>>> print(open('input-v5.tsv').read())   # TSV, C-alpha atoms
chain	number	residue	atom	x	y	z
A	1	MET	CA	7.83	-16.25	-17.67
A	2	TYR	CA	5.73	-14.42	-20.21
A	3	ASN	CA	5.59	-10.99	-21.84
A	4	ARG	CA	2.87	-8.59	-23.00
A	5	ARG	CA	0.97	-9.84	-26.00
A	6	GLU	CA	1.82	-8.43	-29.39
A	7	PHE	CA	-1.03	-7.29	-31.60
A	8	LEU	CA	-0.10	-8.21	-35.16
A	9	GLY	CA	-2.29	-5.72	-36.96
A	10	THR	CA	-1.09	-2.78	-34.89
A	11	GLY	CA	2.52	-3.89	-35.26
A	12	LEU	CA	2.29	-4.13	-39.06
A	13	ALA	CA	0.58	-0.76	-39.29
A	14	ALA	CA	3.27	0.83	-37.16
A	15	LEU	CA	5.97	-0.81	-39.26
A	16	GLY	CA	4.48	0.56	-42.43
A	17	ALA	CA	4.10	4.05	-41.01
A	18	ALA	CA	7.65	4.03	-39.67
A	19	SER	CA	9.03	2.88	-43.01
A	20	ALA	CA	7.18	5.53	-44.97
A	21	ALA	CA	7.99	8.34	-42.56
A	22	THR	CA	11.61	7.66	-41.70
A	23	LEU	CA	13.32	5.77	-44.48
A	24	ALA	CA	14.01	8.75	-46.70
A	25	PRO	CA	16.49	8.34	-49.56
A	26	GLY	CA	19.99	7.88	-48.21
A	27	LEU	CA	18.80	7.21	-44.64
A	28	LEU	CA	20.15	3.86	-43.51
A	29	ARG	CA	18.95	3.77	-39.92
A	30	ALA	CA	15.34	2.81	-39.27
A	31	ALA	CA	13.33	4.32	-36.43
A	32	PRO	CA	12.38	2.10	-33.47
A	33	LEU	CA	9.40	-0.08	-34.31
A	34	TRP	CA	7.81	0.21	-30.87
A	35	THR	CA	7.93	2.83	-28.17
A	36	PRO	CA	6.30	1.95	-24.85
A	37	ALA	CA	3.37	4.13	-23.90
A	38	PRO	CA	3.85	6.25	-20.77
A	39	LYS	CA	2.79	4.41	-17.64
A	40	LYS	CA	1.67	5.44	-14.21
A	41	ILE	CA	4.19	3.84	-11.86
A	42	LEU	CA	3.93	3.69	-8.08
A	43	ILE	CA	7.22	3.23	-6.25
A	44	LEU	CA	7.05	1.97	-2.68
A	45	GLY	CA	10.13	3.71	-1.35
A	46	GLY	CA	11.74	6.23	-3.67
A	47	THR	CA	14.43	7.56	-1.35
A	48	GLY	CA	17.60	6.01	0.07
A	49	PHE	CA	20.11	4.54	-2.41
A	50	VAL	CA	18.03	2.59	-4.92
A	51	GLY	CA	14.96	4.83	-4.92
A	52	PRO	CA	16.30	8.00	-6.56
A	53	HIS	CA	17.89	5.98	-9.36
A	54	ASN	CA	14.55	4.24	-9.87
A	55	VAL	CA	12.62	7.50	-10.00
A	56	ARG	CA	15.09	9.18	-12.35
A	57	GLU	CA	15.08	6.23	-14.75
A	58	ALA	CA	11.27	6.15	-14.91
A	59	LEU	CA	11.03	9.91	-15.42
A	60	LYS	CA	13.72	9.84	-18.11
A	61	ARG	CA	11.64	7.35	-20.05
A	62	GLY	CA	8.51	9.47	-19.89
A	63	HIS	CA	6.56	7.74	-17.15
A	64	GLN	CA	4.39	9.36	-14.48
A	65	VAL	CA	5.78	8.55	-11.04
A	66	THR	CA	4.24	8.45	-7.59
A	67	ILE	CA	6.32	7.53	-4.55
A	68	PHE	CA	5.01	6.27	-1.21
A	69	ASN	CA	7.08	6.37	1.97
A	70	ARG	CA	7.07	7.78	5.48
A	71	GLY	CA	8.24	11.18	4.27
A	72	ARG	CA	11.03	11.34	6.82
A	73	SER	CA	13.90	11.74	4.36
A	74	GLY	CA	14.26	13.20	0.90
A	75	LYS	CA	10.94	14.99	1.00
A	76	GLY	CA	10.56	17.15	-2.09
A	77	MET	CA	13.83	15.92	-3.62
A	78	PHE	CA	12.21	15.42	-7.03
A	79	GLY	CA	10.32	18.70	-7.11
A	80	LYS	CA	7.01	18.88	-8.93
A	81	ASP	CA	7.91	16.01	-11.28
A	82	VAL	CA	6.92	13.34	-8.77
A	83	GLU	CA	3.81	12.92	-6.64
A	84	GLU	CA	4.66	12.08	-3.04
A	85	LEU	CA	2.30	10.10	-0.81
A	86	ALA	CA	3.03	9.68	2.89
A	87	GLY	CA	2.19	6.67	5.03
A	88	ASP	CA	3.61	3.62	6.71
A	89	ARG	CA	4.09	0.17	5.19
A	90	ALA	CA	3.24	-1.46	8.52
A	91	SER	CA	0.28	0.58	9.71
A	92	ASP	CA	-1.06	3.24	7.34
A	93	LEU	CA	-1.62	2.58	3.63
A	94	SER	CA	-4.68	4.83	3.39
A	95	ALA	CA	-3.01	7.17	0.88
A	96	LEU	CA	-2.95	4.30	-1.64
A	97	LYS	CA	-6.64	3.52	-1.47
A	98	GLY	CA	-8.94	4.48	-4.32
A	99	ARG	CA	-6.06	5.11	-6.75
A	100	LYS	CA	-5.01	3.40	-9.99
A	101	TRP	CA	-1.55	2.69	-11.38
A	102	ASP	CA	-0.26	0.55	-14.21
A	103	ALA	CA	2.58	-0.91	-12.15
A	104	VAL	CA	4.03	-0.80	-8.67
A	105	ILE	CA	7.72	-1.28	-7.91
A	106	ASP	CA	8.21	-2.43	-4.33
A	107	GLU	CA	11.76	-1.60	-3.32
A	108	SER	CA	11.33	-0.91	0.39
A	109	ALA	CA	10.11	-4.22	1.85
A	110	SER	CA	13.11	-5.58	3.68
A	111	LEU	CA	14.34	-7.21	6.86
A	112	SER	CA	12.05	-9.50	8.85
A	113	SER	CA	8.97	-7.36	8.18
A	114	ALA	CA	9.03	-7.92	4.41
A	115	PRO	CA	6.35	-10.67	4.17
A	116	GLU	CA	3.85	-8.73	6.24
A	117	TRP	CA	4.54	-5.48	4.40
A	118	VAL	CA	4.01	-7.16	1.03
A	119	LYS	CA	0.85	-8.85	2.26
A	120	LEU	CA	-0.61	-5.55	3.43
A	121	SER	CA	0.43	-3.69	0.27
A	122	THR	CA	-0.96	-6.27	-2.13
A	123	GLU	CA	-4.25	-6.40	-0.23
A	124	VAL	CA	-4.67	-2.69	-0.91
A	125	LEU	CA	-3.23	-2.62	-4.43
A	126	ARG	CA	-4.25	-5.88	-6.12
A	127	ASP	CA	-7.34	-4.30	-7.71
A	128	SER	CA	-5.55	-1.01	-8.40
A	129	VAL	CA	-2.48	-2.11	-10.38
A	130	ASP	CA	-1.86	-4.41	-13.31
A	131	GLN	CA	1.64	-5.48	-12.23
A	132	TYR	CA	3.47	-5.82	-8.93
A	133	LEU	CA	7.26	-5.82	-9.28
A	134	PHE	CA	9.03	-6.90	-6.11
A	135	ILE	CA	12.75	-6.29	-5.71
A	136	SER	CA	13.97	-9.33	-3.81
A	137	THR	CA	17.53	-10.62	-3.40
A	138	ARG	CA	19.96	-13.34	-4.46
A	139	SER	CA	20.03	-14.20	-0.74
A	140	VAL	CA	16.74	-16.11	-1.09
A	141	TYR	CA	18.54	-19.14	-2.56
A	142	TYR	CA	18.87	-22.10	-0.25
A	143	ASP	CA	21.66	-23.79	-2.18
A	144	LEU	CA	24.17	-21.92	-4.31
A	145	SER	CA	26.27	-24.94	-5.21
A	146	SER	CA	24.96	-25.45	-8.76
A	147	VAL	CA	26.92	-24.21	-11.77
A	148	PRO	CA	25.34	-22.50	-13.53
A	149	MET	CA	22.69	-21.08	-11.22
A	150	ASN	CA	19.28	-19.90	-12.38
A	151	SER	CA	15.99	-18.68	-10.94
A	152	ASN	CA	14.62	-22.23	-10.64
A	153	ALA	CA	17.03	-23.08	-7.81
A	154	PRO	CA	15.34	-23.80	-4.45
A	155	VAL	CA	14.81	-20.89	-2.07
A	156	LEU	CA	14.93	-20.67	1.70
A	157	THR	CA	12.04	-21.98	3.77
A	158	LEU	CA	11.61	-22.64	7.46
A	159	GLU	CA	11.60	-26.34	6.57
A	160	ASN	CA	14.94	-26.48	4.76
A	161	SER	CA	16.57	-23.81	6.95
A	162	PRO	CA	14.87	-23.66	10.36
A	163	ILE	CA	15.16	-20.61	12.56
A	164	GLU	CA	15.26	-20.82	16.34
A	165	ALA	CA	11.88	-20.13	17.92
A	166	GLY	CA	11.44	-16.48	18.80
A	167	LYS	CA	14.16	-15.31	16.41
A	168	PRO	CA	13.26	-12.99	13.50
A	169	LEU	CA	13.42	-14.17	9.91
A	170	THR	CA	16.80	-13.82	8.26
A	171	TYR	CA	17.10	-11.38	5.37
A	172	GLY	CA	16.93	-14.24	2.86
A	173	HIS	CA	13.99	-15.94	4.56
A	174	ALA	CA	12.06	-12.67	4.77
A	175	LYS	CA	12.49	-11.88	1.09
A	176	ALA	CA	11.58	-15.45	0.07
A	177	TYR	CA	8.34	-15.35	2.05
A	178	ALA	CA	7.61	-11.84	0.74
A	179	GLU	CA	7.84	-13.21	-2.80
A	180	LYS	CA	5.33	-15.91	-1.86
A	181	ALA	CA	2.98	-13.33	-0.37
A	182	ALA	CA	3.02	-11.31	-3.60
A	183	HIS	CA	2.34	-14.36	-5.78
A	184	ALA	CA	-0.47	-15.48	-3.50
A	185	ALA	CA	-2.21	-12.09	-3.60
A	186	MET	CA	-1.73	-11.35	-7.31
A	187	PRO	CA	-1.21	-14.66	-9.14
A	188	GLY	CA	0.05	-14.20	-12.69
A	189	ARG	CA	0.68	-10.47	-12.24
A	190	VAL	CA	3.91	-10.50	-10.22
A	191	THR	CA	7.45	-9.84	-11.35
A	192	VAL	CA	10.29	-10.70	-8.98
A	193	VAL	CA	13.82	-9.41	-9.49
A	194	ARG	CA	16.57	-10.94	-7.37
A	195	PRO	CA	19.62	-8.66	-7.44
A	196	GLY	CA	23.00	-9.48	-6.04
A	197	LEU	CA	25.12	-6.75	-4.50
A	198	ILE	CA	23.74	-3.43	-5.78
A	199	VAL	CA	26.59	-1.00	-6.44
A	200	GLY	CA	27.43	2.32	-8.01
A	201	PRO	CA	27.31	6.03	-7.30
A	202	GLU	CA	25.51	7.03	-4.08
A	203	ASP	CA	25.92	3.61	-2.44
A	204	ASP	CA	26.63	4.48	1.17
A	205	THR	CA	27.60	0.95	2.26
A	206	ASP	CA	31.07	1.08	0.63
A	207	ARG	CA	30.84	-2.65	-0.15
A	208	PHE	CA	31.87	-2.15	-3.76
A	209	THR	CA	33.36	1.31	-3.36
A	210	TYR	CA	36.30	-0.08	-1.39
A	211	TRP	CA	37.78	-1.67	-4.51
A	212	PRO	CA	37.95	1.36	-6.83
A	213	VAL	CA	39.16	3.50	-3.92
A	214	ARG	CA	41.83	0.99	-2.94
A	215	VAL	CA	42.97	0.30	-6.49
A	216	ALA	CA	43.23	4.02	-7.26
A	217	ARG	CA	45.39	4.54	-4.15
A	218	GLY	CA	47.96	2.13	-5.55
A	219	GLY	CA	50.82	0.36	-3.79
A	220	GLU	CA	50.92	-3.26	-2.73
A	221	MET	CA	47.44	-4.56	-1.95
A	222	ILE	CA	45.77	-7.81	-1.01
A	223	ALA	CA	43.97	-9.57	-3.83
A	224	PRO	CA	41.98	-12.42	-2.27
A	225	GLY	CA	42.11	-15.98	-3.59
A	226	ASP	CA	43.95	-16.85	-6.80
A	227	GLY	CA	42.02	-14.69	-9.25
A	228	THR	CA	39.69	-17.41	-10.53
A	229	ASP	CA	36.75	-16.87	-8.15
A	230	HIS	CA	33.93	-15.09	-9.93
A	231	VAL	CA	32.07	-11.83	-9.35
A	232	GLN	CA	28.46	-11.05	-10.31
A	233	ILE	CA	27.06	-7.76	-9.05
A	234	ILE	CA	24.76	-5.10	-10.51
A	235	ASP	CA	25.15	-1.37	-11.09
A	236	VAL	CA	22.11	0.29	-9.54
A	237	ARG	CA	21.47	2.13	-12.81
A	238	ASP	CA	21.36	-1.15	-14.75
A	239	LEU	CA	19.05	-2.69	-12.16
A	240	MET	CA	16.62	0.20	-12.39
A	241	LYS	CA	16.68	0.16	-16.20
A	242	PHE	CA	15.80	-3.53	-16.05
A	243	CYS	CA	12.95	-3.00	-13.61
A	244	VAL	CA	11.41	-0.19	-15.65
A	245	THR	CA	11.77	-2.25	-18.84
A	246	LEU	CA	9.97	-5.17	-17.20
A	247	CYS	CA	7.13	-2.81	-16.31
A	248	GLU	CA	7.00	-1.25	-19.76
A	249	ASN	CA	6.70	-4.69	-21.36
A	250	ARG	CA	4.42	-6.17	-18.68
A	251	THR	CA	6.90	-8.99	-18.21
A	252	PHE	CA	6.01	-11.34	-15.39
A	253	GLY	CA	7.99	-14.09	-13.67
A	254	VAL	CA	11.19	-14.40	-11.65
A	255	TYR	CA	14.49	-12.94	-12.80
A	256	ASN	CA	17.95	-12.48	-11.35
A	257	GLY	CA	19.58	-9.06	-11.31
A	258	VAL	CA	23.33	-9.65	-11.57
A	259	GLY	CA	26.01	-9.42	-14.23
A	260	PRO	CA	27.83	-10.14	-16.37
A	261	GLN	CA	26.65	-13.38	-17.94
A	262	GLY	CA	28.33	-16.31	-16.20
A	263	GLY	CA	30.28	-14.06	-13.85
A	264	MET	CA	33.69	-12.41	-14.10
A	265	PRO	CA	36.91	-13.86	-12.63
A	266	PHE	CA	38.21	-11.73	-9.76
A	267	LYS	CA	41.46	-11.10	-11.61
A	268	GLU	CA	39.48	-9.59	-14.48
A	269	PHE	CA	37.33	-7.67	-12.01
A	270	LEU	CA	40.39	-5.94	-10.52
A	271	SER	CA	41.85	-5.32	-13.98
A	272	ARG	CA	38.66	-3.65	-15.17
A	273	VAL	CA	38.37	-1.59	-12.00
A	274	GLN	CA	41.93	-0.40	-12.56
A	275	LYS	CA	41.19	0.51	-16.18
A	276	GLY	CA	38.29	2.61	-14.92
A	277	VAL	CA	40.02	4.45	-12.07
A	278	GLY	CA	43.73	4.37	-12.87
A	279	GLY	CA	46.26	3.80	-10.12
A	280	ASN	CA	49.33	1.61	-10.13
A	281	PRO	CA	48.71	-1.14	-7.56
A	282	THR	CA	50.74	-4.30	-7.09
A	283	TYR	CA	48.44	-7.25	-6.45
A	284	THR	CA	49.56	-9.88	-3.97
A	285	TRP	CA	47.22	-12.85	-4.17
A	286	VAL	CA	46.50	-14.16	-0.69
A	287	ASP	CA	44.81	-17.51	-0.11
A	288	ALA	CA	41.19	-17.21	1.03
A	289	ASP	CA	41.65	-19.89	3.71
A	290	PHE	CA	44.59	-17.95	5.17
A	291	LEU	CA	42.47	-14.79	5.32
A	292	ARG	CA	39.64	-16.73	6.94
A	293	GLU	CA	42.04	-18.05	9.59
A	294	GLN	CA	42.94	-14.45	10.38
A	295	GLY	CA	39.28	-13.57	10.91
A	296	HIS	CA	38.42	-12.25	7.46
A	297	ALA	CA	35.74	-14.36	5.81
A	298	PRO	CA	34.82	-14.05	2.13
A	299	TYR	CA	31.99	-11.57	1.54
A	300	GLY	CA	32.62	-10.15	4.99
A	301	ARG	CA	33.39	-6.62	6.10
A	302	GLU	CA	37.01	-6.66	4.95
A	303	LEU	CA	36.39	-8.71	1.81
A	304	PRO	CA	33.28	-7.25	0.20
A	305	VAL	CA	32.27	-8.54	-3.25
A	306	PHE	CA	34.70	-11.49	-3.03
A	307	GLN	CA	33.30	-15.01	-2.59
A	308	VAL	CA	34.93	-18.40	-3.16
A	309	MET	CA	33.45	-20.55	-5.92
A	310	LYS	CA	33.41	-23.94	-4.22
A	311	GLY	CA	31.11	-26.08	-2.10
A	312	ARG	CA	27.78	-24.46	-1.25
A	313	THR	CA	28.87	-21.19	-2.85
A	314	ALA	CA	30.23	-22.64	-6.11
A	315	GLY	CA	27.43	-20.98	-8.08
A	316	PHE	CA	27.22	-17.76	-6.05
A	317	ALA	CA	28.51	-15.71	-8.97
A	318	ARG	CA	27.93	-18.16	-11.82
A	319	PHE	CA	24.35	-17.35	-12.87
A	320	ASP	CA	23.14	-18.10	-16.38
A	321	LEU	CA	21.39	-14.88	-17.39
A	322	THR	CA	19.91	-16.02	-20.70
A	323	PRO	CA	16.28	-15.30	-19.63
A	324	GLU	CA	17.25	-11.97	-18.10
A	325	LEU	CA	19.13	-10.77	-21.17
A	326	LYS	CA	16.19	-11.78	-23.35
A	327	ALA	CA	13.87	-9.80	-21.06
A	328	GLY	CA	15.96	-6.63	-21.40
A	329	LEU	CA	18.76	-6.76	-18.84
A	330	THR	CA	21.81	-4.77	-19.89
A	331	VAL	CA	25.08	-4.58	-17.96
A	332	ARG	CA	27.48	-1.68	-18.39
A	333	PRO	CA	31.26	-2.24	-18.36
A	334	MET	CA	32.82	-2.62	-14.91
A	335	GLU	CA	35.22	0.16	-15.87
A	336	ASP	CA	32.32	2.61	-16.08
A	337	THR	CA	30.83	1.59	-12.74
A	338	ALA	CA	34.21	1.85	-11.01
A	339	ARG	CA	35.01	5.23	-12.56
A	340	ASP	CA	31.61	6.74	-11.74
A	341	THR	CA	31.64	5.36	-8.20
A	342	LEU	CA	35.07	6.80	-7.48
A	343	ALA	CA	34.04	10.16	-8.92
A	344	TRP	CA	31.04	10.21	-6.58
A	345	TRP	CA	33.21	9.12	-3.63
A	346	LYS	CA	35.50	12.07	-4.18
A	347	THR	CA	32.58	14.47	-3.72
A	348	LEU	CA	32.05	13.29	-0.13
A	349	PRO	CA	33.45	15.19	2.86
A	350	ALA	CA	37.07	14.47	3.73
A	351	ASP	CA	36.20	12.87	7.07
A	352	ARG	CA	33.85	10.43	5.31
A	353	GLN	CA	36.51	9.51	2.77
A	354	ALA	CA	38.96	8.93	5.60
A	355	ALA	CA	36.71	6.33	7.22
A	356	PRO	CA	35.42	3.77	4.67
A	357	LYS	CA	32.96	1.29	6.13
A	358	THR	CA	34.47	-1.80	4.52
A	359	GLY	CA	37.81	-3.21	3.43
A	360	PHE	CA	41.17	-3.48	5.15
A	361	SER	CA	42.66	-0.51	6.93
A	362	PRO	CA	46.14	0.31	5.62
A	363	ALA	CA	47.69	-0.93	8.87
A	364	ARG	CA	45.80	-4.24	8.87
A	365	GLU	CA	46.53	-4.84	5.21
A	366	ALA	CA	50.26	-4.31	5.77
A	367	GLU	CA	50.16	-6.66	8.76
A	368	LEU	CA	48.43	-9.40	6.79
A	369	LEU	CA	50.81	-9.04	3.87
A	370	ALA	CA	53.78	-9.44	6.20
A	371	MET	CA	52.20	-12.51	7.81
A	372	TRP	CA	51.47	-14.04	4.41
A	373	LYS	CA	55.03	-13.59	3.23
A	374	ALA	CA	56.49	-14.95	6.50
A	375	ARG	CA	54.31	-18.06	6.61
A	376	LYS	CA	55.93	-21.49	6.49
A	377	PRO	CA	55.09	-23.50	3.38
A	378	LYS	CA	52.79	-26.41	4.13
>>> encode(input="input-v5.tsv", output="C-alpha cells")
Amino acid sequence: MYNRREFLGTGLAALGAASAATLAPGLLRAAPLWTPAPKKILILGGTGFVGPHNVREALKRGHQVTIFNRGRSGKGMFGKDVEELAGDRASDLSALKGRKWDAVIDESASLSSAPEWVKLSTEVLRDSVDQYLFISTRSVYYDLSSVPMNSNAPVLTLENSPIEAGKPLTYGHAKAYAEKAAHAAMPGRVTVVRPGLIVGPEDDTDRFTYWPVRVARGGEMIAPGDGTDHVQIIDVRDLMKFCVTLCENRTFGVYNGVGPQGGMPFKEFLSRVQKGVGGNPTYTWVDADFLREQGHAPYGRELPVFQVMKGRTAGFARFDLTPELKAGLTVRPMEDTARDTLAWWKTLPADRQAAPKTGFSPAREAELLAMWKARKPK
C-alpha cells in the first residue's frame, strides 16, 4: 500500500504561508496544512443506496462528479451539480470514451457479472483515469478463522472453493475475480475497499435497521448468543468518506471497510443502539445453536448482523484496521448510526414500517422465547 508522494519544497512553503497568515496573536488553532485539490471523479453507479451518499460526499468536499448508469432510476436527482452519462456496464460504454477523470469509483459491479463488467470498464478507462477504486466486499475471504483478520488473508478462488459446472459465480467469487481483473488492467493504480455490511439511513434491506427498530419498541426481546460475539459493520457515510479520502490522497492497495477497530461485542452493540434510539427492552440471551436448530442461522434473515466468533468465522468481525485508520478511515459512534437510521425509518410509509424485511416477527419471537424458557437443561 502506498500514498501520493509529498513534495517537500511545496509543503514547507505552504507551512510558512499558513503560519504567517493564520497564526495571529492570541490564535491557538493552526489552519490545515494541506487541502486536497478538487478532482474530477467518475462514479460507476450513483443511484441506489450507496451511490447518493457517495455523490453527496464528493460534492461536499468540492469535487466535480460524473455518474454513469443506465438512467433507469434517480435520473436528475442531483440537479445540475452532477453530470449524468447513460449506458450499460455489459454492452454500451461509449459515453465514457474520449473523456478524462482523475479517479473512478466503481460501486455498481456486483453479482456474477462483476469480473466481466470490471474488465470492460478498465479496458475503456485505463488510459483515461489515474486511479480505479473498486468497492468489493468482505465476502471475498476464503477463510475467516484468523484472529485478527487483515487484507492479506486468502480470498476465494475456483481452486479453493469450486463451483458446480454451469452454476454462476457466488457473490464472493465474483467480487474476488473482479478485483483481479482491475489489478490486471491497471497495475499499481487500483484501490480496493472491502466493506462488511453497509448500514445507515436509506438502506432498504433492513439488515441493520431491524435492531434499532426492535430495541426502540422495547419489551422482552431475543439477544442472540451470550453477548461476546463481535460486530464489525460500516455506516455508509463513513464508507463513502473513506473512499473519497483514498481518491484525494491517491492511495492505492487493498483495504477493509468495517468498524470499529477489533470489533464490538454484541452486548455492547445492543447497548449502544439503545443509547441512540431509547426504548426499554429486556434482553434474553438465547444460545446461537438453539436458534440454529429452530431454523434461524447466524447472519440469516432473522439474525442480521449477528455472527458467531468461532471456527471458520472466528475472525468475521475481528479485523485489525491499523492500515485503514492510517489511510483515513473514520468510524462514527454506533449510537449515531442507530439514531439516524431509526429517524429515516420513521419517514417511510406506515405499510412499509409494518413489514420489515428482516428480523423476527413479534409472534415468532414470542414463540422462540417460550421454547427457550421451557427447554430441558442438557
>>> residues_near_point(input="input-v5.tsv", point="(40.4, -18.2, 2.8)", cutoff="12 Å", atoms="all atoms listed in the file", output="ChimeraX atom specification")
/A:223-226,229,285-300,303,306-310,372
>>> closest_atom_pairs(input="input-v5.tsv", of="region 251-319 of chain A", to="region 330-348 of chain A", cutoff="10 Å", atoms="only C-alpha atoms", output="JSON lines")
{"residue": "A:Gly257", "atom": "CA", "partner": "A:Val331", "partner_atom": "CA", "distance": 9.7}
{"residue": "A:Val258", "atom": "CA", "partner": "A:Val331", "partner_atom": "CA", "distance": 8.3}
{"residue": "A:Gly259", "atom": "CA", "partner": "A:Val331", "partner_atom": "CA", "distance": 6.2}
{"residue": "A:Pro260", "atom": "CA", "partner": "A:Val331", "partner_atom": "CA", "distance": 6.4}
{"residue": "A:Gln261", "atom": "CA", "partner": "A:Val331", "partner_atom": "CA", "distance": 8.9}
{"residue": "A:Met264", "atom": "CA", "partner": "A:Met334", "partner_atom": "CA", "distance": 9.9}
{"residue": "A:Glu268", "atom": "CA", "partner": "A:Met334", "partner_atom": "CA", "distance": 9.6}
{"residue": "A:Phe269", "atom": "CA", "partner": "A:Met334", "partner_atom": "CA", "distance": 7.4}
{"residue": "A:Leu270", "atom": "CA", "partner": "A:Met334", "partner_atom": "CA", "distance": 9.4}
{"residue": "A:Ser271", "atom": "CA", "partner": "A:Glu335", "partner_atom": "CA", "distance": 8.8}
{"residue": "A:Arg272", "atom": "CA", "partner": "A:Glu335", "partner_atom": "CA", "distance": 5.2}
{"residue": "A:Val273", "atom": "CA", "partner": "A:Glu335", "partner_atom": "CA", "distance": 5.3}
{"residue": "A:Gln274", "atom": "CA", "partner": "A:Glu335", "partner_atom": "CA", "distance": 7.5}
{"residue": "A:Lys275", "atom": "CA", "partner": "A:Glu335", "partner_atom": "CA", "distance": 6.0}
{"residue": "A:Gly276", "atom": "CA", "partner": "A:Glu335", "partner_atom": "CA", "distance": 4.0}
{"residue": "A:Val277", "atom": "CA", "partner": "A:Arg339", "partner_atom": "CA", "distance": 5.1}
{"residue": "A:Gly278", "atom": "CA", "partner": "A:Arg339", "partner_atom": "CA", "distance": 8.8}
>>> closest_residue(input="input-v5.tsv", among="A:Ser121, A:Thr47, A:Gln353, A:Ser110", to="Ser136 (chain A)", atoms="only C-alpha atoms")
A:Ser110
>>> atom_distance(input="input-v5.tsv", atom1="CA of Pro36 (chain A)", atom2="CA of Val50 (chain A)")
23.1 Å
>>> residues_around(input="input-v5.tsv", residues="His53 (chain A)", least_positions_apart="4", cutoff="10 Å", atoms="all atoms listed in the file", output="compact mmCIF listing (two decimals) with C-alpha atoms, in the coordinates of the input")
# COMPACT_ATOMS: atom_id res chain seq x y z
CA GLY A 46 11.74 6.23 -3.67
CA THR A 47 14.43 7.56 -1.35
CA GLY A 48 17.60 6.01 0.07
CA PHE A 49 20.11 4.54 -2.41
CA GLU A 57 15.08 6.23 -14.75
CA ALA A 58 11.27 6.15 -14.91
CA LEU A 59 11.03 9.91 -15.42
CA PRO A 201 27.31 6.03 -7.30
CA GLU A 202 25.51 7.03 -4.08
CA VAL A 236 22.11 0.29 -9.54
CA ARG A 237 21.47 2.13 -12.81
CA ASP A 238 21.36 -1.15 -14.75
CA LEU A 239 19.05 -2.69 -12.16
CA MET A 240 16.62 0.20 -12.39
CA LYS A 241 16.68 0.16 -16.20
>>> atom_distance(input="input-v5.tsv", atom1="CA of Ala37 (chain A)", atom2="CA of His63 (chain A)")
8.3 Å
>>> atom_distance(input="input-v5.tsv", atom1="CA of Tyr141 (chain A)", atom2="CA of Leu156 (chain A)")
5.8 Å
>>> residues_around(input="input-v5.tsv", residues="region 181-186 of chain A", least_positions_apart="6", cutoff="7 Å", atoms="only C-alpha atoms", output="MDAnalysis selection string")
chainID A and resid 115 118:119 122:123 126
>>> residues_near_point(input="input-v5.tsv", point="(6.3, -10.9, -15.3)", cutoff="10 Å", atoms="only C-alpha atoms", output="list in words")
Met1, Tyr2, Asn3, Arg4, Gln131, Tyr132, Leu133, Gly188, Arg189, Val190, Thr191, Val192, Val193, Leu246, Cys247, Asn249, Arg250, Thr251, Phe252, Gly253, Val254, Tyr255 and Ala327 of chain A
>>> write_last_selection(input="input-v5.tsv", atoms="C-alpha atoms", output="PDB file, in the coordinates of the input")
ATOM      1  CA  MET A   1       7.830 -16.250 -17.670  1.00  0.00           C
ATOM      2  CA  TYR A   2       5.730 -14.420 -20.210  1.00  0.00           C
ATOM      3  CA  ASN A   3       5.590 -10.990 -21.840  1.00  0.00           C
ATOM      4  CA  ARG A   4       2.870  -8.590 -23.000  1.00  0.00           C
ATOM      5  CA  GLN A 131       1.640  -5.480 -12.230  1.00  0.00           C
ATOM      6  CA  TYR A 132       3.470  -5.820  -8.930  1.00  0.00           C
ATOM      7  CA  LEU A 133       7.260  -5.820  -9.280  1.00  0.00           C
ATOM      8  CA  GLY A 188       0.050 -14.200 -12.690  1.00  0.00           C
ATOM      9  CA  ARG A 189       0.680 -10.470 -12.240  1.00  0.00           C
ATOM     10  CA  VAL A 190       3.910 -10.500 -10.220  1.00  0.00           C
ATOM     11  CA  THR A 191       7.450  -9.840 -11.350  1.00  0.00           C
ATOM     12  CA  VAL A 192      10.290 -10.700  -8.980  1.00  0.00           C
ATOM     13  CA  VAL A 193      13.820  -9.410  -9.490  1.00  0.00           C
ATOM     14  CA  LEU A 246       9.970  -5.170 -17.200  1.00  0.00           C
ATOM     15  CA  CYS A 247       7.130  -2.810 -16.310  1.00  0.00           C
ATOM     16  CA  ASN A 249       6.700  -4.690 -21.360  1.00  0.00           C
ATOM     17  CA  ARG A 250       4.420  -6.170 -18.680  1.00  0.00           C
ATOM     18  CA  THR A 251       6.900  -8.990 -18.210  1.00  0.00           C
ATOM     19  CA  PHE A 252       6.010 -11.340 -15.390  1.00  0.00           C
ATOM     20  CA  GLY A 253       7.990 -14.090 -13.670  1.00  0.00           C
ATOM     21  CA  VAL A 254      11.190 -14.400 -11.650  1.00  0.00           C
ATOM     22  CA  TYR A 255      14.490 -12.940 -12.800  1.00  0.00           C
ATOM     23  CA  ALA A 327      13.870  -9.800 -21.060  1.00  0.00           C
TER      24      ALA A 327
END
>>> closest_residue(input="input-v5.tsv", among="A:Val305, A:Thr284, A:Asn150, A:Thr35", to="Pro212 (chain A)", atoms="all atoms listed in the file")
A:Val305
>>> closest_residue(input="input-v5.tsv", among="A:Val65, A:Ala153, A:Ile105, A:Met221", to="Asp81 (chain A)", atoms="all atoms listed in the file")
A:Val65
>>> residues_around(input="input-v5.tsv", residues="region 356-362 of chain A", least_positions_apart="6", cutoff="9 Å", atoms="only C-alpha atoms", output="list in words")
Asp204, Thr205, Asp206, Arg207, Phe208, Thr209, Tyr210, Trp211, Arg214, Ile222, Gly300, Arg301, Glu302, Leu303 and Pro304 of chain A
>>> closest_residue(input="input-v5.tsv", among="A:His230, A:Lys39, A:Arg99, A:His173", to="Arg318 (chain A)", atoms="all atoms listed in the file")
A:His230
>>> closest_residue(input="input-v5.tsv", among="A:Glu179, A:Glu220, A:Asp235, A:Glu83", to="Val199 (chain A)", atoms="all atoms listed in the file")
A:Asp235
>>> closest_residue(input="input-v5.tsv", among="A:Ser91, A:Asn54, A:Ser146, A:Gln64", to="Glu107 (chain A)", atoms="only C-alpha atoms")
A:Asn54
